[in-house]
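S.K.: Structure file upload_29.pdb (PDB, C-alpha atoms and all ligand atoms) right here:
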MODEL        1
ATOM      1  CA  MET O   1      -3.938 -15.659  -9.294
ATOM      2  CA  SER O   2      -0.568 -13.990  -9.861
ATOM      3  CA  ALA O   3       1.175 -12.981 -13.036
ATOM      4  CA  LEU O   4       4.670 -12.474 -14.375
ATOM      5  CA  ALA O   5       5.823  -9.118 -15.695
ATOM      6  CA  GLU O   6       6.986  -9.157 -19.305
ATOM      7  CA  ALA O   7       9.238  -6.112 -18.955
ATOM      8  CA  SER O   8      10.592  -3.829 -16.266
ATOM      9  CA  TYR O   9       7.955  -1.276 -15.236
ATOM     10  CA  LEU O  10      10.463   1.362 -14.187
ATOM     11  CA  PRO O  11      13.538   2.318 -16.256
ATOM     12  CA  GLU O  12      17.093   1.077 -15.720
ATOM     13  CA  GLY O  13      19.325   3.037 -13.375
ATOM     14  CA  LEU O  14      17.356   2.848 -10.135
ATOM     15  CA  THR O  15      19.141   1.361  -7.137
ATOM     16  CA  GLN O  16      18.058  -2.183  -6.448
ATOM     17  CA  PRO O  17      16.320  -3.119  -3.214
ATOM     18  CA  ALA O  18      18.263  -5.289  -0.793
ATOM     19  CA  PRO O  19      17.217  -7.316   2.254
ATOM     20  CA  MET O  20      17.832  -5.577   5.592
ATOM     21  CA  ARG O  21      21.301  -6.243   7.019
ATOM     22  CA  ASP O  22      19.854  -8.061  10.034
ATOM     23  CA  GLY O  23      17.948 -10.465   7.769
ATOM     24  CA  MET O  24      14.582  -9.306   9.096
ATOM     25  CA  ASP O  25      12.838  -9.196   5.705
ATOM     26  CA  ALA O  26      14.866 -11.924   3.947
ATOM     27  CA  PRO O  27      11.860 -14.332   3.886
ATOM     28  CA  TYR O  28       9.872 -11.737   1.940
ATOM     29  CA  TRP O  29      12.548 -11.351  -0.749
ATOM     30  CA  GLU O  30      13.022 -15.113  -0.927
ATOM     31  CA  SER O  31       9.283 -15.581  -1.439
ATOM     32  CA  THR O  32       9.083 -13.048  -4.260
ATOM     33  CA  ARG O  33      11.851 -14.953  -6.095
ATOM     34  CA  ALA O  34       9.511 -17.963  -5.909
ATOM     35  CA  HIS O  35       6.640 -15.746  -7.137
ATOM     36  CA  GLU O  36       4.851 -15.937  -3.817
ATOM     37  CA  LEU O  37       3.824 -13.242  -1.382
ATOM     38  CA  ARG O  38       4.900 -13.826   2.203
ATOM     39  CA  VAL O  39       4.069 -11.610   5.187
ATOM     40  CA  GLN O  40       4.420 -11.953   8.930
ATOM     41  CA  ARG O  41       1.803 -13.473  11.221
ATOM     42  CA  CYS O  42       1.989 -13.646  14.972
ATOM     43  CA  ALA O  43       2.037 -17.253  16.190
ATOM     44  CA  ASN O  44       0.608 -16.054  19.495
ATOM     45  CA  CYS O  45      -2.428 -13.949  18.480
ATOM     46  CA  GLY O  46      -2.666 -14.708  14.735
ATOM     47  CA  THR O  47      -2.469 -11.089  13.555
ATOM     48  CA  HIS O  48      -0.819 -10.470  10.170
ATOM     49  CA  GLN O  49       1.557  -7.526   9.931
ATOM     50  CA  TRP O  50       3.581  -5.587   7.394
ATOM     51  CA  GLY O  51       6.323  -4.300   7.332
ATOM     52  CA  PRO O  52       8.382  -6.870   9.066
ATOM     53  CA  ASP O  53       9.346  -6.535  12.716
ATOM     54  CA  TRP O  54      10.814  -8.714  15.423
ATOM     55  CA  VAL O  55       7.779  -8.131  17.619
ATOM     56  CA  CYS O  56       4.018  -8.451  17.049
ATOM     57  CA  HIS O  57       2.474  -4.978  16.986
ATOM     58  CA  ALA O  58      -0.796  -6.330  18.376
ATOM     59  CA  CYS O  59       0.295  -8.380  21.394
ATOM     60  CA  GLN O  60       4.051  -7.707  21.660
ATOM     61  CA  SER O  61       4.865 -11.397  21.327
ATOM     62  CA  LEU O  62       8.287 -12.204  19.879
ATOM     63  CA  ASN O  63       6.846 -15.355  18.333
ATOM     64  CA  VAL O  64       6.329 -13.928  14.841
ATOM     65  CA  GLU O  65       6.401 -16.251  11.810
ATOM     66  CA  TRP O  66       6.179 -15.900   8.030
ATOM     67  CA  VAL O  67       3.200 -17.160   6.042
ATOM     68  CA  THR O  68       2.424 -17.228   2.330
ATOM     69  CA  VAL O  69      -0.752 -15.324   1.488
ATOM     70  CA  GLU O  70      -2.921 -15.049  -1.598
ATOM     71  CA  PRO O  71      -1.255 -12.397  -3.806
ATOM     72  CA  THR O  72      -4.458 -10.438  -4.283
ATOM     73  CA  ALA O  73      -5.548  -7.146  -2.780
ATOM     74  CA  ARG O  74      -7.703  -4.091  -3.356
ATOM     75  CA  ILE O  75      -6.725  -0.483  -3.913
ATOM     76  CA  TYR O  76      -6.857   1.527  -0.695
ATOM     77  CA  SER O  77      -5.283   4.697  -2.076
ATOM     78  CA  TRP O  78      -3.199   5.789  -5.030
ATOM     79  CA  GLN O  79      -1.202   8.606  -6.587
ATOM     80  CA  ARG O  80      -0.183   9.424 -10.145
ATOM     81  CA  VAL O  81       3.452  10.519  -9.883
ATOM     82  CA  HIS O  82       4.607  13.151 -12.376
ATOM     83  CA  HIS O  83       7.646  14.513 -10.560
ATOM     84  CA  PRO O  84      10.861  12.480 -11.147
ATOM     85  CA  VAL O  85      12.087  11.561  -7.668
ATOM     86  CA  HIS O  86      15.270   9.984  -9.114
ATOM     87  CA  PRO O  87      17.467  10.973 -12.104
ATOM     88  CA  ALA O  88      16.632   7.653 -13.784
ATOM     89  CA  LEU O  89      12.986   8.719 -13.843
ATOM     90  CA  ALA O  90      13.661  12.074 -15.537
ATOM     91  CA  ASP O  91      12.135  11.045 -18.883
ATOM     92  CA  HIS O  92       9.723   8.538 -17.432
ATOM     93  CA  GLY O  93       6.262   9.085 -16.211
ATOM     94  CA  PRO O  94       3.785   9.608 -15.009
ATOM     95  CA  TYR O  95       3.481   6.326 -13.198
ATOM     96  CA  ILE O  96       1.053   5.149 -10.554
ATOM     97  CA  VAL O  97       1.826   4.291  -6.954
ATOM     98  CA  VAL O  98      -0.842   2.345  -5.086
ATOM     99  CA  LEU O  99      -1.389   1.549  -1.454
ATOM    100  CA  VAL O 100      -3.182  -1.801  -1.479
ATOM    101  CA  GLU O 101      -4.744  -3.736   1.363
ATOM    102  CA  LEU O 102      -5.009  -7.494   1.735
ATOM    103  CA  PRO O 103      -8.517  -8.335   2.977
ATOM    104  CA  HIS O 104      -7.549 -11.959   3.671
ATOM    105  CA  ALA O 105      -4.609 -10.877   5.868
ATOM    106  CA  ASP O 106      -6.119  -8.447   8.373
ATOM    107  CA  ASN O 107      -6.250  -5.693   5.732
ATOM    108  CA  LEU O 108      -2.543  -5.088   6.030
ATOM    109  CA  ARG O 109      -1.336  -2.508   3.550
ATOM    110  CA  MET O 110       1.535  -2.532   1.067
ATOM    111  CA  LEU O 111       2.932   0.052  -1.329
ATOM    112  CA  GLY O 112       3.609  -0.744  -4.963
ATOM    113  CA  ASN O 113       3.233   0.351  -8.552
ATOM    114  CA  LEU O 114       0.065  -0.164 -10.565
ATOM    115  CA  LEU O 115       0.816  -1.608 -13.992
ATOM    116  CA  GLY O 116      -0.974  -0.604 -17.155
ATOM    117  CA  ASP O 117      -1.800   2.732 -18.725
ATOM    118  CA  PRO O 118      -0.369   5.438 -16.455
ATOM    119  CA  MET O 119      -3.416   7.591 -17.278
ATOM    120  CA  GLN O 120      -5.943   4.842 -16.536
ATOM    121  CA  ASP O 121      -8.953   5.621 -14.369
ATOM    122  CA  ILE O 122      -8.510   4.231 -10.893
ATOM    123  CA  VAL O 123     -11.285   3.302  -8.492
ATOM    124  CA  ILE O 124     -10.665   2.921  -4.785
ATOM    125  CA  GLY O 125     -11.582  -0.618  -3.756
ATOM    126  CA  SER O 126     -10.759  -2.184  -7.141
ATOM    127  CA  ASP O 127      -9.408  -5.715  -7.002
ATOM    128  CA  VAL O 128      -5.750  -6.099  -7.925
ATOM    129  CA  GLU O 129      -3.368  -9.033  -8.220
ATOM    130  CA  ALA O 130       0.362  -9.195  -7.709
ATOM    131  CA  VAL O 131       2.665  -9.214 -10.725
ATOM    132  CA  PHE O 132       6.166 -10.541 -10.107
ATOM    133  CA  GLU O 133       8.936  -8.798 -12.012
ATOM    134  CA  ASP O 134      12.180 -10.781 -12.064
ATOM    135  CA  HIS O 135      15.554  -9.058 -12.147
ATOM    136  CA  ASP O 136      17.780 -12.069 -12.736
ATOM    137  CA  ASN O 137      20.771  -9.853 -13.531
ATOM    138  CA  GLY O 138      20.633  -8.094 -10.172
ATOM    139  CA  ASN O 139      23.374  -8.569  -7.616
ATOM    140  CA  PRO O 140      21.941 -10.545  -5.942
ATOM    141  CA  PRO O 141      19.014 -11.345  -8.278
ATOM    142  CA  TYR O 142      15.719 -10.012  -6.949
ATOM    143  CA  THR O 143      12.034  -9.872  -7.821
ATOM    144  CA  LEU O 144       9.755  -6.863  -7.447
ATOM    145  CA  VAL O 145       6.050  -7.054  -6.677
ATOM    146  CA  HIS O 146       3.778  -4.784  -8.714
ATOM    147  CA  TRP O 147      -0.015  -4.779  -8.902
ATOM    148  CA  GLN O 148      -2.512  -4.780 -11.707
ATOM    149  CA  THR O 149      -6.279  -4.568 -11.724
ATOM    150  CA  THR O 150      -7.934  -7.914 -12.273
ATOM    151  CA  ARG O 151     -10.192  -8.555 -15.225
ATOM    152  CA  GLU O 152     -13.231  -8.914 -12.948
ATOM    153  CA  SER O 153     -12.868  -5.467 -11.460
ATOM    154  CA  THR O 154     -12.541  -3.768 -14.842
ATOM    155  CA  THR O 155     -15.599  -5.478 -16.311
ATOM    156  CA  SER O 156     -17.889  -5.346 -13.278
ATOM    157  CA  GLY O 157     -18.889  -1.744 -13.842
ATOM    158  CA  LYS O 158     -16.758  -0.366 -11.029
ATOM    159  CA  SER O 159     -14.914   1.960 -13.412
ATOM    160  CA  PRO O 160     -16.234   5.509 -13.586
ATOM    161  CA  ALA O 161     -18.499   6.422 -16.492
ATOM    162  CA  PRO O 162     -16.857   8.181 -19.449
ATOM    163  CA  GLY O 163     -16.214  11.787 -18.590
ATOM    164  CA  GLN O 164     -16.513  11.172 -14.858
ATOM    165  CA  ALA O 165     -13.455  12.418 -12.992
ATOM    166  CA  ALA O 166     -11.440   9.745 -11.191
ATOM    167  CA  GLU O 167      -8.734  12.171 -10.081
ATOM    168  CA  PRO O 168      -9.024  13.674  -6.617
ATOM    169  CA  PRO O 169     -10.244  17.281  -6.798
ATOM    170  CA  PRO O 170      -7.525  19.951  -6.967
ATOM    171  CA  LEU O 171      -6.579  21.393  -3.589
ATOM    172  CA  SER O 172      -8.075  24.756  -4.554
ATOM    173  CA  ASP O 173     -11.539  23.128  -4.761
ATOM    174  CA  LEU O 174     -11.413  21.815  -1.217
ATOM    175  CA  PRO O 175     -12.988  23.858   1.569
ATOM    176  CA  PRO O 176     -10.487  25.702   3.771
ATOM    177  CA  VAL O 177      -9.954  23.673   6.927
ATOM    178  CA  GLY O 178      -8.951  26.337   9.444
ATOM    179  CA  PRO O 179     -11.820  28.827   9.022
ATOM    180  CA  THR O 180     -14.336  25.953   8.899
ATOM    181  CA  LEU O 181     -13.222  24.744  12.312
ATOM    182  CA  VAL O 182     -13.494  28.226  13.769
ATOM    183  CA  GLU O 183     -16.892  28.823  12.206
ATOM    184  CA  ARG O 184     -18.239  25.675  13.775
ATOM    185  CA  GLY O 185     -17.217  26.782  17.222
ATOM    186  CA  ASP O 186     -14.893  23.837  17.640
ATOM    187  CA  ALA O 187     -13.166  25.420  20.624
ATOM    188  CA  GLU O 188     -16.303  24.385  22.494
ATOM    189  CA  TYR O 189     -16.039  20.871  21.074
ATOM    190  CA  TYR O 190     -12.399  20.442  22.074
ATOM    191  CA  ARG O 191     -13.164  21.662  25.591
ATOM    192  CA  SER O 192     -15.871  19.016  25.999
ATOM    193  CA  ALA O 193     -13.583  16.372  24.420
ATOM    194  CA  ALA O 194     -10.917  17.187  27.016
ATOM    195  CA  GLN O 195     -13.605  16.904  29.692
ATOM    196  CA  ARG O 196     -14.656  13.457  28.416
ATOM    197  CA  GLN O 197     -11.032  12.339  28.364
ATOM    198  CA  ARG O 198     -10.582  13.371  31.997
ATOM    199  CA  GLU O 199     -13.740  11.488  32.951
ATOM    200  CA  ARG O 200     -12.548   8.367  31.142
ATOM    201  CA  ALA O 201      -9.183   8.592  32.901
ATOM    202  CA  ARG O 202     -10.937   8.862  36.254
ATOM    203  CA  GLY O 203     -13.155   5.887  35.405
ATOM    204  CA  LYS O 204     -10.101   3.686  34.877
ATOM    205  CA  ASP O 205      -8.803   4.279  38.416
TER
HETATM  206 ZN    ZN O 301       0.467 -11.091  18.399
ENDMDL
END
Would you encode the structure as structure tokens?
Ligand SMILES: [Zn+2]
M.R.:
Amino acid sequence: MSALAEASYLPEGLTQPAPMRDGMDAPYWESTRAHELRVQRCANCGTHQWGPDWVCHACQSLNVEWVTVEPTARIYSWQRVHHPVHPALADHGPYIVVLVELPHADNLRMLGNLLGDPMQDIVIGSDVEAVFEDHDNGNPPYTLVHWQTTRESTTSGKSPAPGQAAEPPPLSDLPPVGPTLVERGDAEYYRSAAQRQRERARGKD
């Protein structure tokens, strides 16, 4: 279900990622070297979480372990990056950053790059699979996790029809937020929301 990258997606010259000094995320980096995807799961309540922490965000247990999960996900959000955020990216781009979620691991979300044509149409909810990109010459050697859309999701008709815009609308096309709130008399709404909150607080006593 996973694949190996044939070449580096981003150009040379970027700083390499390193495990946290306290070793917190070392199991993740070790797993990517083995071309597996490992995340945390609470041994107490079973909730998956990402990024790594010493404590379970759901039940505050300190009994958090690492588990290998299926390296597949679906696109939750994305952005086509044109602006070079690092000198090494000056003549590179655009490229695509995706926020993916893992439905088989409590929908936890991870950031990564989406491989393929940087101008490809992207559909929220598309299935993606992890692609492991080895950097054997790193110090220490490391492996990055990228994502690519799976064959099924590109042939199942989820892609937009030709000519149909997949880009989010430009900001200028969006309705102004402030005036809309005022027009709808939301001061009234917020007053009643505050009232409900007070009632709830009283009910808990
Ligand atoms: Zn827990």
S.K.: Could you expand the PyMOL selection byres (((not hetatm)) within 8 of (chain O and resi 301)) into the explicit residues it covers here, written as a list of chain:residue names?
M.R.: O:Arg41, O:Cys42, O:Ala43, O:Asn44, O:Cys45, O:Gly46, O:Thr47, O:Val55, O:Cys56, O:His57, O:Ala58, O:Cys59, O:Gln60, O:Ser61, O:Asn63, O:Val64
S.K.: Quick one: which residues end up in the PyMOL selection byres (((chain O and resi 127-141) around 8) and not hetatm) for this structure, as an MDAnalysis selection string?
M.R.: chainID O and resid 1:8 16 32:33 35 71:75 125:126 142:150 152:153
S.K.: Put those residues in a file: C-alpha atoms, as a PDB file, keeping the file's coordinate frame.
M.R.:
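Listing of out-v6.pdb after writing:
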ATOM      1  CA  MET O   1      -3.938 -15.659  -9.294  1.00  0.00           C
ATOM      2  CA  SER O   2      -0.568 -13.990  -9.861  1.00  0.00           C
ATOM      3  CA  ALA O   3       1.175 -12.981 -13.036  1.00  0.00           C
ATOM      4  CA  LEU O   4       4.670 -12.474 -14.375  1.00  0.00           C
ATOM      5  CA  ALA O   5       5.823  -9.118 -15.695  1.00  0.00           C
ATOM      6  CA  GLU O   6       6.986  -9.157 -19.305  1.00  0.00           C
ATOM      7  CA  ALA O   7       9.238  -6.112 -18.955  1.00  0.00           C
ATOM      8  CA  SER O   8      10.592  -3.829 -16.266  1.00  0.00           C
ATOM      9  CA  GLN O  16      18.058  -2.183  -6.448  1.00  0.00           C
ATOM     10  CA  THR O  32       9.083 -13.048  -4.260  1.00  0.00           C
ATOM     11  CA  ARG O  33      11.851 -14.953  -6.095  1.00  0.00           C
ATOM     12  CA  HIS O  35       6.640 -15.746  -7.137  1.00  0.00           C
ATOM     13  CA  PRO O  71      -1.255 -12.397  -3.806  1.00  0.00           C
ATOM     14  CA  THR O  72      -4.458 -10.438  -4.283  1.00  0.00           C
ATOM     15  CA  ALA O  73      -5.548  -7.146  -2.780  1.00  0.00           C
ATOM     16  CA  ARG O  74      -7.703  -4.091  -3.356  1.00  0.00           C
ATOM     17  CA  ILE O  75      -6.725  -0.483  -3.913  1.00  0.00           C
ATOM     18  CA  GLY O 125     -11.582  -0.618  -3.756  1.00  0.00           C
ATOM     19  CA  SER O 126     -10.759  -2.184  -7.141  1.00  0.00           C
ATOM     20  CA  TYR O 142      15.719 -10.012  -6.949  1.00  0.00           C
ATOM     21  CA  THR O 143      12.034  -9.872  -7.821  1.00  0.00           C
ATOM     22  CA  LEU O 144       9.755  -6.863  -7.447  1.00  0.00           C
ATOM     23  CA  VAL O 145       6.050  -7.054  -6.677  1.00  0.00           C
ATOM     24  CA  HIS O 146       3.778  -4.784  -8.714  1.00  0.00           C
ATOM     25  CA  TRP O 147      -0.015  -4.779  -8.902  1.00  0.00           C
ATOM     26  CA  GLN O 148      -2.512  -4.780 -11.707  1.00  0.00           C
ATOM     27  CA  THR O 149      -6.279  -4.568 -11.724  1.00  0.00           C
ATOM     28  CA  THR O 150      -7.934  -7.914 -12.273  1.00  0.00           C
ATOM     29  CA  GLU O 152     -13.231  -8.914 -12.948  1.00  0.00           C
ATOM     30  CA  SER O 153     -12.868  -5.467 -11.460  1.00  0.00           C
TER      31      SER O 153
END
S.K.: On this file, the PyMOL selection byres (((chain O and resi 84) around 12) and not hetatm) gives some set of residues; write that set as a compact mmCIF listing (two decimals) with C-alpha atoms, in the coordinates of the input.
M.R.:
# COMPACT_ATOMS: atom_id res chain seq x y z
CA LEU O 10 10.46 1.36 -14.19
CA PRO O 11 13.54 2.32 -16.26
CA LEU O 14 17.36 2.85 -10.14
CA ARG O 80 -0.18 9.42 -10.14
CA VAL O 81 3.45 10.52 -9.88
CA HIS O 82 4.61 13.15 -12.38
CA HIS O 83 7.65 14.51 -10.56
CA VAL O 85 12.09 11.56 -7.67
CA HIS O 86 15.27 9.98 -9.11
CA PRO O 87 17.47 10.97 -12.10
CA ALA O 88 16.63 7.65 -13.78
CA LEU O 89 12.99 8.72 -13.84
CA ALA O 90 13.66 12.07 -15.54
CA ASP O 91 12.14 11.04 -18.88
CA HIS O 92 9.72 8.54 -17.43
CA GLY O 93 6.26 9.09 -16.21
CA PRO O 94 3.78 9.61 -15.01
CA TYR O 95 3.48 6.33 -13.20
S.K.: Please provide the set of residues having any atom within 10 Å of O:Gly51, restricted to all atoms listed in the file, with same-chain residues fewer than 4 positions apart removed, written as a PyMOL selection string.
M.R.: chain O and resi 24-25+28+39-40+108-110
S.K.: In Å, how far is it from atom CA of O:Tyr76 to atom CA of O:Tyr9?
M.R.: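 Taking atom CA of O:Tyr76 as the start and atom CA of O:Tyr9 as the end point, the length is 20.9 Å.
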S.K.: Tell me, as an mmCIF file with C-alpha atoms, in the frame of the given file, which residues lie within 8 Å of O:Arg38, counting all atoms listed in the file; anything in the same chain fewer than 2 positions away does not count.
M.R.:
data_model
loop_
_atom_site.group_PDB
_atom_site.id
_atom_site.type_symbol
_atom_site.label_atom_id
_atom_site.label_comp_id
_atom_site.auth_asym_id
_atom_site.auth_seq_id
_atom_site.Cartn_x
_atom_site.Cartn_y
_atom_site.Cartn_z
ATOM 1 C CA PRO O 27 11.860 -14.332 3.886
ATOM 2 C CA TYR O 28 9.872 -11.737 1.940
ATOM 3 C CA SER O 31 9.283 -15.581 -1.439
ATOM 4 C CA THR O 32 9.083 -13.048 -4.260
ATOM 5 C CA GLU O 36 4.851 -15.937 -3.817
ATOM 6 C CA GLN O 40 4.420 -11.953 8.930
ATOM 7 C CA TRP O 66 6.179 -15.900 8.030
ATOM 8 C CA VAL O 67 3.200 -17.160 6.042
ATOM 9 C CA THR O 68 2.424 -17.228 2.330
ATOM 10 C CA VAL O 69 -0.752 -15.324 1.488
#
S.K.: Could you check which of O:Val97, O:Leu37, O:Met20, O:Leu62 is closest to O:Gly116, using only C-alpha atoms?
M.R.: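 Of all the options, O:Val97 lies closest to O:Gly116.
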S.K.: Grab the atom CA of O:Ile96 to atom CA of O:Trp29 distance for me, in Å with one decimal place.
M.R.: 22.4 Å
S.K.: Quick one: distance from atom CA of O:Glu101 to atom CA of O:Trp50 in Å, one decimal?
M.R.: 10.4 Å
S.K.: Of the candidates O:Ala201, O:Ile124, O:Ala34, O:Met119, which one gets nearest to O:Val100 if we count all atoms listed in the file?
M.R.: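 The answer is O:Ile124, which sits nearest to O:Val100.
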S.K.: With distances taken over only C-alpha atoms, which residue among O:Gln197, O:Asn107, O:Asn113, O:Gln120 lies nearest O:Gln49?
M.R.: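 Closest to O:Gln49 of all the choices is O:Asn107.
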S.K.: In terms of the shortest atom-to-atom distance over only C-alpha atoms, which of O:Asp53, O:Glu65, O:Asp121, O:Asp106 is closest to O:Gln79?
M.R.: O:Asp121
S.K.: Please return stretch 124-154 of chain O, rebuilt to N, CA and C atoms, as a compact mmCIF listing (two decimals), in the frame of the given file.
M.R.:
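In the end it all went to out16.txt:
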# COMPACT_ATOMS: atom_id res chain seq x y z
N ILE O 124 -11.00 3.44 -6.11
CA ILE O 124 -10.66 2.92 -4.78
C ILE O 124 -11.49 1.65 -4.54
N GLY O 125 -10.87 0.63 -4.03
CA GLY O 125 -11.58 -0.62 -3.76
C GLY O 125 -11.48 -1.64 -4.88
N SER O 126 -10.90 -1.24 -6.02
CA SER O 126 -10.76 -2.18 -7.14
C SER O 126 -9.87 -3.36 -6.74
N ASP O 127 -10.22 -4.52 -7.26
CA ASP O 127 -9.41 -5.72 -7.00
C ASP O 127 -8.13 -5.66 -7.83
N VAL O 128 -7.03 -6.03 -7.21
CA VAL O 128 -5.75 -6.10 -7.92
C VAL O 128 -5.07 -7.42 -7.59
N GLU O 129 -4.16 -7.83 -8.47
CA GLU O 129 -3.37 -9.03 -8.22
C GLU O 129 -1.90 -8.68 -8.36
N ALA O 130 -1.07 -9.45 -7.67
CA ALA O 130 0.36 -9.20 -7.71
C ALA O 130 0.93 -9.62 -9.06
N VAL O 131 1.90 -8.86 -9.53
CA VAL O 131 2.66 -9.21 -10.72
C VAL O 131 4.14 -9.24 -10.31
N PHE O 132 4.78 -10.37 -10.54
CA PHE O 132 6.17 -10.54 -10.11
C PHE O 132 7.11 -10.20 -11.26
N GLU O 133 8.01 -9.26 -10.97
CA GLU O 133 8.94 -8.80 -12.01
C GLU O 133 10.35 -9.24 -11.64
N ASP O 134 10.85 -10.22 -12.36
CA ASP O 134 12.18 -10.78 -12.06
C ASP O 134 13.30 -9.89 -12.57
N HIS O 135 14.31 -9.73 -11.73
CA HIS O 135 15.55 -9.06 -12.15
C HIS O 135 16.69 -10.05 -11.93
N ASP O 136 16.81 -10.98 -12.88
CA ASP O 136 17.78 -12.07 -12.74
C ASP O 136 19.22 -11.58 -12.83
N ASN O 137 19.41 -10.39 -13.40
CA ASN O 137 20.77 -9.85 -13.53
C ASN O 137 21.17 -8.98 -12.35
N GLY O 138 20.29 -8.88 -11.35
CA GLY O 138 20.63 -8.09 -10.17
C GLY O 138 21.74 -8.76 -9.37
N ASN O 139 22.31 -8.02 -8.45
CA ASN O 139 23.37 -8.57 -7.62
C ASN O 139 23.05 -8.31 -6.15
N PRO O 140 22.40 -9.25 -5.43
CA PRO O 140 21.94 -10.54 -5.94
C PRO O 140 20.66 -10.37 -6.76
N PRO O 141 20.28 -11.42 -7.54
CA PRO O 141 19.01 -11.34 -8.28
C PRO O 141 17.85 -11.08 -7.33
N TYR O 142 16.86 -10.33 -7.81
CA TYR O 142 15.72 -10.01 -6.95
C TYR O 142 14.46 -9.94 -7.80
N THR O 143 13.32 -9.94 -7.13
CA THR O 143 12.03 -9.87 -7.82
C THR O 143 11.16 -8.82 -7.15
N LEU O 144 10.63 -7.91 -7.96
CA LEU O 144 9.76 -6.86 -7.45
C LEU O 144 8.30 -7.31 -7.54
N VAL O 145 7.49 -6.79 -6.64
CA VAL O 145 6.05 -7.05 -6.68
C VAL O 145 5.33 -5.79 -7.12
N HIS O 146 4.65 -5.87 -8.25
CA HIS O 146 3.78 -4.78 -8.71
C HIS O 146 2.34 -5.27 -8.60
N TRP O 147 1.41 -4.40 -8.96
CA TRP O 147 -0.02 -4.78 -8.90
C TRP O 147 -0.69 -4.40 -10.20
N GLN O 148 -1.70 -5.17 -10.55
CA GLN O 148 -2.51 -4.78 -11.71
C GLN O 148 -3.97 -5.12 -11.41
N THR O 149 -4.86 -4.32 -11.98
CA THR O 149 -6.28 -4.57 -11.72
C THR O 149 -6.67 -5.88 -12.39
N THR O 150 -7.53 -6.63 -11.72
CA THR O 150 -7.93 -7.91 -12.27
C THR O 150 -9.06 -7.70 -13.28
N ARG O 151 -9.19 -8.66 -14.16
CA ARG O 151 -10.19 -8.56 -15.22
C ARG O 151 -11.59 -8.32 -14.63
N GLU O 152 -11.89 -9.02 -13.53
CA GLU O 152 -13.23 -8.91 -12.95
C GLU O 152 -13.56 -7.48 -12.57
N SER O 153 -12.55 -6.79 -11.97
CA SER O 153 -12.87 -5.47 -11.46
C SER O 153 -12.99 -4.44 -12.58
N THR O 154 -12.40 -4.74 -13.76
CA THR O 154 -12.54 -3.77 -14.84
C THR O 154 -13.80 -4.03 -15.66
